[in-house]
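File shown here: start.cif, holding mmCIF, C-alpha atoms and all ligand atoms.
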data_coords
loop_
_atom_site.label_atom_id
_atom_site.label_comp_id
_atom_site.auth_asym_id
_atom_site.auth_seq_id
_atom_site.Cartn_x
_atom_site.Cartn_y
_atom_site.Cartn_z
CA MET A 181 1.21 51.10 -51.68
CA SER A 182 3.91 48.67 -52.71
CA ASP A 183 3.36 46.74 -49.52
CA ALA A 184 -0.08 45.52 -48.63
CA HIS A 185 0.77 45.63 -44.96
CA GLN A 186 2.73 48.86 -44.96
CA GLY A 187 2.15 50.90 -41.84
CA GLU A 188 0.15 48.16 -40.17
CA THR A 189 1.56 46.84 -36.95
CA ARG A 190 0.32 43.42 -36.03
CA GLN A 191 -0.93 43.13 -32.53
CA VAL A 192 0.27 39.99 -30.79
CA LEU A 193 -2.64 38.25 -29.13
CA VAL A 194 -2.48 37.61 -25.42
CA GLY A 195 -4.33 34.68 -23.84
CA GLU A 196 -7.02 32.66 -25.54
CA TYR A 197 -8.39 34.38 -28.64
CA TYR A 198 -11.32 31.99 -28.94
CA SER A 199 -12.86 31.77 -25.50
CA ASN A 200 -15.21 28.98 -26.65
CA ILE A 201 -18.00 29.76 -24.20
CA LEU A 202 -21.09 28.12 -25.59
CA LEU A 203 -24.36 29.99 -25.74
CA VAL A 204 -27.39 27.70 -25.87
CA SER A 205 -31.09 28.28 -26.40
CA ARG A 206 -33.77 27.75 -23.75
CA ARG A 207 -34.06 24.20 -25.09
CA ASN A 208 -30.32 23.63 -24.89
CA ALA A 209 -29.72 23.89 -28.61
CA PRO A 210 -26.18 25.17 -29.28
CA LEU A 211 -26.31 28.64 -30.85
CA THR A 212 -22.86 30.14 -30.96
CA THR A 213 -19.70 30.57 -28.98
CA VAL A 214 -19.27 33.97 -27.37
CA SER A 215 -16.55 35.96 -25.69
CA ASP A 216 -16.18 36.01 -21.94
CA LYS A 217 -17.35 39.62 -21.93
CA ARG A 218 -20.50 38.89 -23.87
CA ALA A 219 -21.41 35.86 -21.74
CA GLN A 220 -20.97 38.02 -18.66
CA TRP A 221 -23.13 40.74 -20.18
CA TYR A 222 -26.08 38.30 -20.55
CA VAL A 223 -25.64 36.80 -17.09
CA GLU A 224 -25.38 40.16 -15.33
CA ARG A 225 -28.63 41.34 -16.94
CA ASP A 226 -30.36 38.08 -16.03
CA LEU A 227 -30.82 37.33 -19.73
CA ALA A 228 -28.91 34.09 -19.36
CA GLU A 229 -27.82 31.59 -16.73
CA GLU A 230 -24.73 29.47 -16.26
CA LEU A 231 -25.24 25.76 -16.64
CA THR A 232 -24.31 23.83 -13.55
CA GLU A 233 -21.18 21.71 -13.66
CA THR A 234 -23.26 18.51 -13.77
CA GLU A 235 -25.54 19.71 -16.53
CA ARG A 236 -22.62 20.98 -18.55
CA THR A 237 -20.52 17.81 -18.30
CA GLU A 238 -23.57 15.75 -19.13
CA LYS A 239 -24.80 17.72 -22.14
CA PHE A 240 -21.80 19.66 -23.44
CA PRO A 241 -18.67 17.94 -22.11
CA ARG A 242 -16.37 19.56 -24.68
CA TYR A 243 -17.06 23.09 -23.51
CA SER A 244 -15.53 24.50 -20.35
CA ARG A 245 -18.36 26.96 -19.86
CA VAL A 246 -21.97 27.07 -21.12
CA VAL A 247 -24.49 29.87 -20.79
CA ARG A 248 -28.20 29.40 -21.49
CA LEU A 249 -30.33 32.22 -22.77
CA LYS A 250 -33.58 32.93 -21.00
CA PHE A 251 -35.31 34.40 -24.04
CA LYS A 252 -35.92 33.30 -27.61
CA ALA A 253 -33.08 34.55 -29.72
CA LYS A 254 -33.27 35.29 -33.45
CA LEU A 255 -30.25 33.05 -33.81
CA GLU A 256 -32.33 29.94 -33.00
CA ASP A 257 -33.86 29.81 -36.47
CA LYS A 258 -30.61 29.88 -38.35
CA CYS A 259 -27.99 28.25 -36.23
CA ASP A 260 -25.00 26.95 -38.11
CA PRO A 261 -22.54 24.48 -36.51
CA PHE A 262 -19.78 26.76 -37.82
CA TYR A 263 -20.59 29.23 -35.06
CA HIS A 264 -20.38 26.83 -32.14
CA GLN A 265 -17.33 24.78 -33.02
CA ILE A 266 -14.48 24.77 -30.54
CA ILE A 267 -11.54 26.62 -32.02
CA GLU A 268 -8.06 26.40 -30.62
CA THR A 269 -5.94 29.51 -30.21
CA ARG A 270 -2.98 28.38 -32.31
CA CYS A 271 -1.26 29.00 -35.64
CA VAL A 272 -3.41 27.38 -38.30
CA VAL A 273 -0.29 26.35 -40.23
CA CYS A 274 2.05 24.84 -37.63
CA GLY A 275 -0.10 24.79 -34.50
CA GLY A 276 2.35 27.02 -32.61
CA LYS A 277 0.97 29.05 -29.73
CA GLU A 278 3.58 31.81 -29.41
CA GLY A 279 3.34 35.31 -30.87
CA LEU A 280 0.01 34.78 -32.58
CA THR A 281 -1.50 37.47 -34.76
CA LEU A 282 -4.67 37.74 -36.83
CA HIS A 283 -4.31 37.29 -40.55
CA HIS A 284 -6.91 38.28 -43.11
CA VAL A 285 -6.59 35.82 -45.95
CA VAL A 286 -7.77 38.51 -48.39
CA PRO A 287 -5.32 41.40 -47.86
CA SER A 288 -6.65 44.74 -46.63
CA VAL A 289 -5.51 46.54 -49.80
CA ILE A 290 -8.16 44.49 -51.66
CA ARG A 291 -10.64 43.78 -48.84
CA LYS A 292 -11.31 47.41 -48.05
CA TRP A 293 -13.27 47.66 -51.31
CA PHE A 294 -15.59 44.81 -50.38
CA PRO A 295 -19.18 45.71 -49.51
CA ASP A 296 -19.96 45.94 -45.79
CA GLU A 297 -21.89 42.67 -45.64
CA HIS A 298 -18.70 40.87 -46.68
CA LYS A 299 -16.51 42.81 -44.27
CA ASN A 300 -18.90 42.18 -41.38
CA HIS A 301 -18.94 38.43 -41.93
CA SER A 302 -15.22 38.03 -42.21
CA HIS A 303 -14.82 35.88 -39.06
CA GLY A 304 -14.12 32.77 -41.10
CA TRP A 305 -11.71 34.65 -43.35
CA CYS A 306 -9.50 35.66 -40.51
CA VAL A 307 -7.05 33.10 -39.12
CA LEU A 308 -4.41 32.96 -36.41
CA LEU A 309 -0.78 32.68 -37.44
CA CYS A 310 2.57 32.66 -35.68
CA GLU A 311 5.07 35.34 -36.69
CA ARG A 312 6.90 33.09 -39.15
CA HIS A 313 3.78 31.92 -40.94
CA HIS A 314 2.27 35.39 -41.00
CA GLY A 315 5.31 36.49 -42.98
CA LYS A 316 4.94 33.50 -45.30
CA ALA A 317 1.20 34.09 -45.71
CA ASP A 318 1.81 37.71 -46.72
CA GLU A 319 4.41 36.56 -49.22
CA VAL A 320 2.12 34.05 -50.92
CA ALA A 321 -0.74 36.57 -51.02
CA LYS A 322 1.60 39.06 -52.69
CA GLU A 323 2.40 36.51 -55.37
CA ILE A 324 -1.13 37.17 -56.61
CA HIS A 325 -1.11 40.96 -56.77
CA GLN A 326 2.35 42.42 -56.09
CA LYS A 327 3.47 42.42 -59.72
CA GLU A 328 0.43 44.43 -60.75
CA ILE A 329 0.84 46.88 -57.87
CA THR A 330 4.52 47.42 -58.74
CA GLU A 331 3.66 48.02 -62.40
CA MET A 332 0.89 50.42 -61.45
CA ASP A 333 3.22 52.31 -59.08
CA LYS A 334 5.70 52.68 -61.94
CA LYS A 335 2.99 54.07 -64.23
CA ILE A 336 1.86 56.49 -61.52
CA SER A 337 5.44 57.74 -61.00
CA GLN A 338 5.82 58.26 -64.75
CA VAL A 339 2.55 60.18 -64.95
CA ILE A 340 3.65 62.42 -62.04
CA LYS A 341 7.03 63.02 -63.69
CA ASP A 342 5.40 63.89 -67.03
CA LEU A 343 2.97 66.27 -65.36
CA ARG A 344 5.78 68.03 -63.48
CA ASP A 345 7.83 68.40 -66.67
CA GLU A 346 4.83 69.86 -68.43
CA TRP A 347 4.18 72.20 -65.55
CA ALA A 348 7.81 73.43 -65.43
CA GLN A 349 7.80 74.29 -69.13
CA ASP A 350 4.51 76.10 -68.75
CA PHE A 351 5.84 77.92 -65.67
CA ILE A 352 8.74 79.34 -67.71
CA LYS A 353 6.34 80.54 -70.39
CA ARG A 354 3.91 82.08 -67.93
CA ASN A 355 6.73 83.94 -66.21
CA GLY A 356 8.03 85.68 -69.30
CA GLY A 357 10.70 83.27 -70.48
CA LEU A 358 13.94 81.98 -69.05
CA GLU A 359 15.67 85.33 -68.53
CA ASN A 360 12.80 86.54 -66.40
CA VAL A 361 12.64 83.26 -64.53
CA LYS A 362 16.35 83.45 -63.72
CA ARG A 363 15.92 87.01 -62.47
CA LEU A 364 12.93 85.95 -60.42
CA TYR A 365 14.94 83.31 -58.58
CA LYS A 366 18.05 85.47 -58.38
CA ASP A 367 16.13 88.34 -56.78
CA LYS A 368 14.52 85.95 -54.32
CA PHE A 369 17.93 84.49 -53.49
CA LEU A 370 19.43 87.96 -53.00
CA THR A 371 16.92 88.65 -50.24
CA LEU A 372 19.28 86.44 -48.17
CA LYS A 373 21.84 89.23 -48.60
CA PRO A 374 24.69 86.84 -49.48
CA GLN A 375 28.06 88.39 -48.60
CA HIS A 376 30.41 85.92 -50.25
CA VAL A 377 29.10 85.25 -53.73
CA PRO A 378 32.18 84.65 -55.93
CA GLU A 379 32.92 87.10 -58.70
CA GLY A 380 30.73 86.62 -61.75
CA PHE A 381 28.28 84.23 -60.16
CA LEU A 382 24.55 84.75 -60.76
CA GLU A 383 25.38 86.14 -64.20
CA ASP A 384 25.54 84.41 -67.56
CA HIS A 385 28.89 83.48 -69.04
CA ASN A 386 28.76 82.24 -72.56
CA PRO A 387 32.26 81.36 -73.76
CA ARG A 388 31.24 81.55 -77.42
CA GLY A 389 29.23 84.72 -77.12
CA PRO A 390 30.60 88.28 -76.95
CA LEU A 391 32.37 89.04 -73.67
CA GLN A 392 31.07 91.80 -71.51
CA PRO A 393 33.49 94.82 -71.40
CA ASN A 394 34.15 94.46 -67.68
CA VAL A 395 35.07 90.80 -68.14
CA TRP A 396 37.39 91.70 -71.03
CA GLN A 397 39.11 94.24 -68.87
CA LYS A 398 39.65 91.76 -66.07
CA CYS A 399 41.12 89.26 -68.54
CA LEU A 400 43.52 91.81 -69.98
CA THR A 401 44.65 92.94 -66.55
CA LYS A 402 45.27 89.33 -65.54
CA ALA A 403 47.22 88.63 -68.75
CA ALA A 404 49.31 91.78 -68.29
CA SER A 405 50.21 90.97 -64.71
CA PHE A 406 51.10 87.42 -65.78
CA LEU A 407 53.42 88.69 -68.51
CA GLN A 408 54.95 91.16 -66.11
CA SER A 409 55.71 88.43 -63.61
CA VAL A 410 57.28 86.30 -66.35
CA PHE A 411 59.59 89.11 -67.49
CA LYS A 412 60.46 90.07 -63.92
CA SER A 413 61.60 86.57 -63.11
CA LYS A 414 64.01 86.53 -66.08
ZN ZN B 1 3.07 28.82 -37.55
#
Before anything else, please render the file you have as structure tokens.
Amino acid sequence: MSDAHQGETRQVLVGEYYSNILLVSRRNAPLTTVSDKRAQWYVERDLAEELTETERTEKFPRYSRVVRLKFKAKLEDKCDPFYHQIIETRCVVCGGKEGLTLHHVVPSVIRKWFPDEHKNHSHGWCVLLCERHHGKADEVAKEIHQKEITEMDKKISQVIKDLRDEWAQDFIKRNGGLENVKRLYKDKFLTLKPQHVPEGFLEDHNPRGPLQPNVWQKCLTKAASFLQSVFKSK
């Protein structure tokens, strides 16, 4: 969550992103630009026709390809020049044409909470950027929200830690106190049948508390053998 683009791999665009094929009404009113695929779809179904070279150069010289619809489209009533402008496939910052990727000006971490009608009309909120400027664009966007996200992540981590601490204390209580809990884990560990557990491990040793008789004995034996060795050497 600390990175708005975490896990997203940007797909580098190949070829022209904006195909700039103009779709016009039966009366040659510009409607919108369409993709190659969509233009083809209309033509193949005889819903549209290609303008001849002469007609195109005469009426729409800026477009390399123009397709005229054969039916009245809904679009005719509300056509906005925004939709039929010629857009170049280049970085909107530096104009570079290499390694272009799509950039949503409003980052996905925020945008995903927008209502559908805003998401569906995001064409104008999505720009092309070269690799360098995509990195820069992400950085400047983060200047707006990253501090808040980092602070929120910290709070979330603290809440998780507090909850775990609370749980652990409750776990000890529910399992009959610390002695029982230790036994519980010890017994589980012993199911591994450990063959080399050092002497006295998995038992409590409290230096200030009373020593267990067997430990006393071992200490005395050790002390005796030490004294013996000292006297022998003399
Ligand atoms: Zn650039």
Just want the residues within 6 Å of ligand ZN 1 (chain B), written as a PDB file with C-alpha atoms, keeping the file's coordinate frame, counting all atoms listed in the file.
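The file below, selection.pdb, is the result:
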ATOM      1  CA  CYS A 271      -1.260  29.000 -35.640  1.00  0.00           C
ATOM      2  CA  VAL A 273      -0.290  26.350 -40.230  1.00  0.00           C
ATOM      3  CA  CYS A 274       2.050  24.840 -37.630  1.00  0.00           C
ATOM      4  CA  GLY A 275      -0.100  24.790 -34.500  1.00  0.00           C
ATOM      5  CA  GLY A 276       2.350  27.020 -32.610  1.00  0.00           C
ATOM      6  CA  LEU A 309      -0.780  32.680 -37.440  1.00  0.00           C
ATOM      7  CA  CYS A 310       2.570  32.660 -35.680  1.00  0.00           C
ATOM      8  CA  ARG A 312       6.900  33.090 -39.150  1.00  0.00           C
ATOM      9  CA  HIS A 313       3.780  31.920 -40.940  1.00  0.00           C
TER      10      HIS A 313
END
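Residues within 12 Å of Glu383 of chain A, counting all atoms listed in the file and excluding same-chain residues fewer than 3 positions away, are Glu359, Lys362, Arg363, Lys366, Val377, Pro378, Glu379, Gly380, Asn386, Gln392 and Val395 of chain A.
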Suppose we keep C-alpha atoms; can you now write the selection as a PDB file, in the coordinates of the input?
ATOM      1  CA  GLU A 359      15.670  85.330 -68.530  1.00  0.00           C
ATOM      2  CA  LYS A 362      16.350  83.450 -63.720  1.00  0.00           C
ATOM      3  CA  ARG A 363      15.920  87.010 -62.470  1.00  0.00           C
ATOM      4  CA  LYS A 366      18.050  85.470 -58.380  1.00  0.00           C
ATOM      5  CA  VAL A 377      29.100  85.250 -53.730  1.00  0.00           C
ATOM      6  CA  PRO A 378      32.180  84.650 -55.930  1.00  0.00           C
ATOM      7  CA  GLU A 379      32.920  87.100 -58.700  1.00  0.00           C
ATOM      8  CA  GLY A 380      30.730  86.620 -61.750  1.00  0.00           C
ATOM      9  CA  ASN A 386      28.760  82.240 -72.560  1.00  0.00           C
ATOM     10  CA  GLN A 392      31.070  91.800 -71.510  1.00  0.00           C
ATOM     11  CA  VAL A 395      35.070  90.800 -68.140  1.00  0.00           C
TER      12      VAL A 395
END
Next item on the list: Compare A:His284, A:Arg206, A:Arg270, A:Lys277 by their minimum atom-to-atom distance to Lys250 of chain A, counting all atoms listed in the file, and give me the closest one.
Entry: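 Of all the options, A:Arg206 lies closest to Lys250 of chain A.
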Notebook entry, point to check: Hey, which of A:Gln375, A:Thr281, A:Leu203, A:His325 ends up closest to Leu255 of chain A? Count only C-alpha atoms.
Noted result: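 Using only C-alpha atoms, the shortest distance to Leu255 of chain A belongs to A:Leu203.
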Next item on the list: Work out how far apart atom CA of Leu211 of chain A and atom CA of Leu308 of chain A are and give it in Å to one decimal.
Entry: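 Separation between atom CA of Leu211 of chain A and atom CA of Leu308 of chain A: 23.0 Å.
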Checklist line | Atomic distance atom CA of Ile336 of chain A - atom CA of Ala321 of chain A, expressed in Å with one decimal | finding: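 If I compute the distance from atom CA of Ile336 of chain A to atom CA of Ala321 of chain A, I get 22.7 Å.
Computed from the coordinates, the atom CA of Leu358 of chain A to atom CA of Leu382 of chain A distance equals 13.7 Å.
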Item checked: 12 Å contact set for Glu233 of chain A, only C-alpha atoms, chain neighbours under 5 positions out, as a ChimeraX atom specification -> /A:238-241,243-247
If we draw a sphere of 9 Å around (-7.7, 34.1, -48.8), which residues have at least one atom in it when counting only C-alpha atoms? Please report them as an mmCIF file with C-alpha atoms, in the coordinates of the input.
data_model
loop_
_atom_site.group_PDB
_atom_site.id
_atom_site.type_symbol
_atom_site.label_atom_id
_atom_site.label_comp_id
_atom_site.auth_asym_id
_atom_site.auth_seq_id
_atom_site.Cartn_x
_atom_site.Cartn_y
_atom_site.Cartn_z
ATOM 1 C CA HIS A 284 -6.910 38.280 -43.110
ATOM 2 C CA VAL A 285 -6.590 35.820 -45.950
ATOM 3 C CA VAL A 286 -7.770 38.510 -48.390
ATOM 4 C CA PRO A 287 -5.320 41.400 -47.860
ATOM 5 C CA TRP A 305 -11.710 34.650 -43.350
ATOM 6 C CA CYS A 306 -9.500 35.660 -40.510
ATOM 7 C CA ALA A 321 -0.740 36.570 -51.020
#
Notebook entry, point to check: Using all atoms listed in the file, which of the listed residues (A:Thr371, A:Ser199, A:Gln265, A:Ser337) sits closest to Thr212 of chain A?
Noted result: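 For Thr212 of chain A, the nearest of the candidates is A:Gln265.
Each of A:Glu311, A:Glu297, A:Glu256, A:Asp367 was compared to Val272 of chain A using all atoms listed in the file, and A:Glu311 turns out to be the nearest.
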Next item on the list: Point out the residue among A:Arg354, A:Gly195, A:Tyr222, A:Ile290 with the least atom-to-atom distance to Gln326 of chain A, counting only C-alpha atoms.
Entry: A:Ile290
For the structure just given, write the atoms of segment 201-233 of chain A, namely C-alpha atoms, as a PDB file, in the first residue's frame.
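And here's selection_17.pdb as it stands now:
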ATOM      1  CA  ILE A 201      -9.146   7.267 -37.988  1.00  0.00           C
ATOM      2  CA  LEU A 202     -11.984   9.725 -38.318  1.00  0.00           C
ATOM      3  CA  LEU A 203     -15.566   8.563 -38.169  1.00  0.00           C
ATOM      4  CA  VAL A 204     -17.995  10.953 -39.856  1.00  0.00           C
ATOM      5  CA  SER A 205     -21.764  11.141 -40.074  1.00  0.00           C
ATOM      6  CA  ARG A 206     -23.777  10.609 -43.256  1.00  0.00           C
ATOM      7  CA  ARG A 207     -23.491  14.373 -43.776  1.00  0.00           C
ATOM      8  CA  ASN A 208     -19.734  14.334 -43.266  1.00  0.00           C
ATOM      9  CA  ALA A 209     -19.840  15.859 -39.803  1.00  0.00           C
ATOM     10  CA  PRO A 210     -16.836  14.671 -37.765  1.00  0.00           C
ATOM     11  CA  LEU A 211     -17.989  12.447 -34.893  1.00  0.00           C
ATOM     12  CA  THR A 212     -15.021  10.801 -33.255  1.00  0.00           C
ATOM     13  CA  THR A 213     -11.756   9.099 -33.956  1.00  0.00           C
ATOM     14  CA  VAL A 214     -11.831   5.316 -33.699  1.00  0.00           C
ATOM     15  CA  SER A 215      -9.381   2.463 -33.559  1.00  0.00           C
ATOM     16  CA  ASP A 216      -8.420   0.545 -36.656  1.00  0.00           C
ATOM     17  CA  LYS A 217     -10.339  -2.444 -35.333  1.00  0.00           C
ATOM     18  CA  ARG A 218     -13.533  -0.506 -34.798  1.00  0.00           C
ATOM     19  CA  ALA A 219     -13.379   1.184 -38.217  1.00  0.00           C
ATOM     20  CA  GLN A 220     -12.918  -2.238 -39.771  1.00  0.00           C
ATOM     21  CA  TRP A 221     -15.855  -3.594 -37.786  1.00  0.00           C
ATOM     22  CA  TYR A 222     -18.204  -0.962 -39.311  1.00  0.00           C
ATOM     23  CA  VAL A 223     -16.873  -1.404 -42.840  1.00  0.00           C
ATOM     24  CA  GLU A 224     -17.082  -5.204 -42.778  1.00  0.00           C
ATOM     25  CA  ARG A 225     -20.739  -5.062 -41.686  1.00  0.00           C
ATOM     26  CA  ASP A 226     -21.521  -2.486 -44.362  1.00  0.00           C
ATOM     27  CA  LEU A 227     -22.406   0.022 -41.648  1.00  0.00           C
ATOM     28  CA  ALA A 228     -19.793   2.424 -42.941  1.00  0.00           C
ATOM     29  CA  GLU A 229     -17.751   3.173 -46.040  1.00  0.00           C
ATOM     30  CA  GLU A 230     -14.233   4.423 -46.615  1.00  0.00           C
ATOM     31  CA  LEU A 231     -13.959   7.879 -48.091  1.00  0.00           C
ATOM     32  CA  THR A 232     -12.127   7.927 -51.371  1.00  0.00           C
ATOM     33  CA  GLU A 233      -8.669   9.457 -51.448  1.00  0.00           C
TER      34      GLU A 233
END
